[in-house]
Amino acid sequence: MKLGKKVLTTENIKWINGSYKEDNRIFNSERQAEEWVDALYPDFVAYLSNNINVGYASPDEKVIKYLESYLPKWASYNNVNVSIHIGKITKDGQIIFEIWTSQKN
């Protein structure tokens, strides 16, 4: 993906998933997914506040939906101006949903 003269690839993203057992979980309810996303705030803010592009991947589309709502708020709280990107990949036959930020200049 091209943004102006910068080329943004998912290789330029600090992916924070992989540290928790819940990362690969498909939550039973919307509420569980939202609570999980809310718990990720400290992980995201560490990178957002330092203007580092950050992303998360999950097999649960609900998690990505809530992150799509929460990330702009978190960026605003920390006076960071970001764009939000969403994608999906197939890994080992499973659909993985992705969300990541890119810094706006």
# chains A, B, ... in the order shown; residues from 1 in each chain; ligands from 1
call {"tool": "select_by_dssp", "arguments": {"residues": "chain A", "states": "strand (DSSP E or B)", "output": "number ranges by chain"}}
result
A: 2-3, 6-7, 14-15, 54-58, 82-91, 94-103
call {"tool": "select_by_dssp", "arguments": {"residues": "segment 4-99 of chain A", "states": "alpha helix (DSSP H)", "output": "number ranges by chain"}}
result
A: 30-39, 41-48, 61-77
call {"tool": "atom_distance", "arguments": {"atom1": "atom CA of Lys62 of chain A", "atom2": "atom CA of Lys104 of chain A"}}
result
25.8 Å
call {"tool": "residues_around", "arguments": {"residues": "Ala57 of chain A", "least_positions_apart": "5", "cutoff": "8 Å", "atoms": "only C-alpha atoms", "output": "MDAnalysis selection string"}}
result
chainID A and resid 15 17 23 64 96:99
call {"tool": "residues_around", "arguments": {"residues": "segment 32-43 of chain A", "least_positions_apart": "2", "cutoff": "9 Å", "atoms": "only C-alpha atoms", "output": "number ranges by chain"}}
result
A: 16, 22, 26-30, 45-47, 60, 62-64, 66-67, 70-71, 74
call {"tool": "residues_around", "arguments": {"residues": "segment 76-84 of chain A", "least_positions_apart": "4", "cutoff": "9 Å", "atoms": "only C-alpha atoms", "output": "NGL selection string"}}
result
:A and (45 or 48-51 or 53 or 68 or 71-72 or 99-105)
call {"tool": "write_last_selection", "arguments": {"atoms": "N, CA and C atoms", "output": "compact mmCIF listing (two decimals), in the first residue's frame"}}
result
# COMPACT_ATOMS: atom_id res chain seq x y z
N VAL A 45 -0.91 1.38 23.52
CA VAL A 45 -0.50 2.75 23.83
C VAL A 45 1.02 2.87 23.91
N LEU A 48 1.70 3.43 20.20
CA LEU A 48 1.03 4.63 19.68
C LEU A 48 1.69 5.90 20.19
N SER A 49 1.97 5.95 21.48
CA SER A 49 2.52 7.17 22.08
C SER A 49 3.94 7.47 21.60
N ASN A 50 4.60 6.47 21.02
CA ASN A 50 5.94 6.66 20.47
C ASN A 50 5.94 6.71 18.95
N ASN A 51 4.74 6.92 18.37
CA ASN A 51 4.58 7.03 16.92
C ASN A 51 5.12 5.82 16.16
N ASN A 53 4.01 2.34 14.30
CA ASN A 53 2.86 1.66 13.73
C ASN A 53 2.67 0.33 14.45
N GLU A 68 -11.25 -1.56 15.72
CA GLU A 68 -11.52 -0.50 14.74
C GLU A 68 -12.21 0.69 15.41
N LEU A 71 -9.26 1.98 18.55
CA LEU A 71 -7.96 2.55 18.16
C LEU A 71 -8.00 4.06 17.90
N PRO A 72 -8.96 4.59 17.17
CA PRO A 72 -8.98 6.05 16.98
C PRO A 72 -9.12 6.81 18.31
N ILE A 99 -5.60 -5.77 11.86
CA ILE A 99 -5.82 -4.33 11.95
C ILE A 99 -4.49 -3.71 12.33
N TRP A 100 -4.17 -2.56 11.72
CA TRP A 100 -2.92 -1.89 12.05
C TRP A 100 -3.06 -0.40 11.82
N THR A 101 -2.12 0.33 12.38
CA THR A 101 -2.11 1.78 12.26
C THR A 101 -0.97 2.22 11.36
N SER A 102 -1.12 3.40 10.80
CA SER A 102 -0.01 4.09 10.13
C SER A 102 -0.09 5.54 10.55
N GLN A 103 1.07 6.12 10.78
CA GLN A 103 1.14 7.50 11.23
C GLN A 103 0.76 8.44 10.10
N LYS A 104 -0.08 9.41 10.43
CA LYS A 104 -0.40 10.47 9.47
C LYS A 104 0.63 11.58 9.64
N ASN A 105 1.08 12.11 8.53
CA ASN A 105 2.07 13.20 8.61
C ASN A 105 1.40 14.53 8.75
call {"tool": "decode", "arguments": {"residues": "segment 91-104 of chain A", "atoms": "C-alpha atoms", "output": "compact mmCIF listing (two decimals), in the first residue's frame"}}
result
# COMPACT_ATOMS: atom_id res chain seq x y z
CA LYS A 91 -2.85 -18.96 7.43
CA ASP A 92 -2.83 -22.75 7.63
CA GLY A 93 -6.35 -22.79 6.20
CA GLN A 94 -7.72 -20.37 8.81
CA ILE A 95 -8.84 -16.80 8.12
CA ILE A 96 -6.92 -14.31 10.25
CA PHE A 97 -8.24 -10.75 10.51
CA GLU A 98 -5.70 -7.94 10.86
CA ILE A 99 -5.82 -4.33 11.95
CA TRP A 100 -2.92 -1.89 12.05
CA THR A 101 -2.11 1.78 12.26
CA SER A 102 -0.01 4.09 10.13
CA GLN A 103 1.14 7.50 11.23
CA LYS A 104 -0.40 10.47 9.47
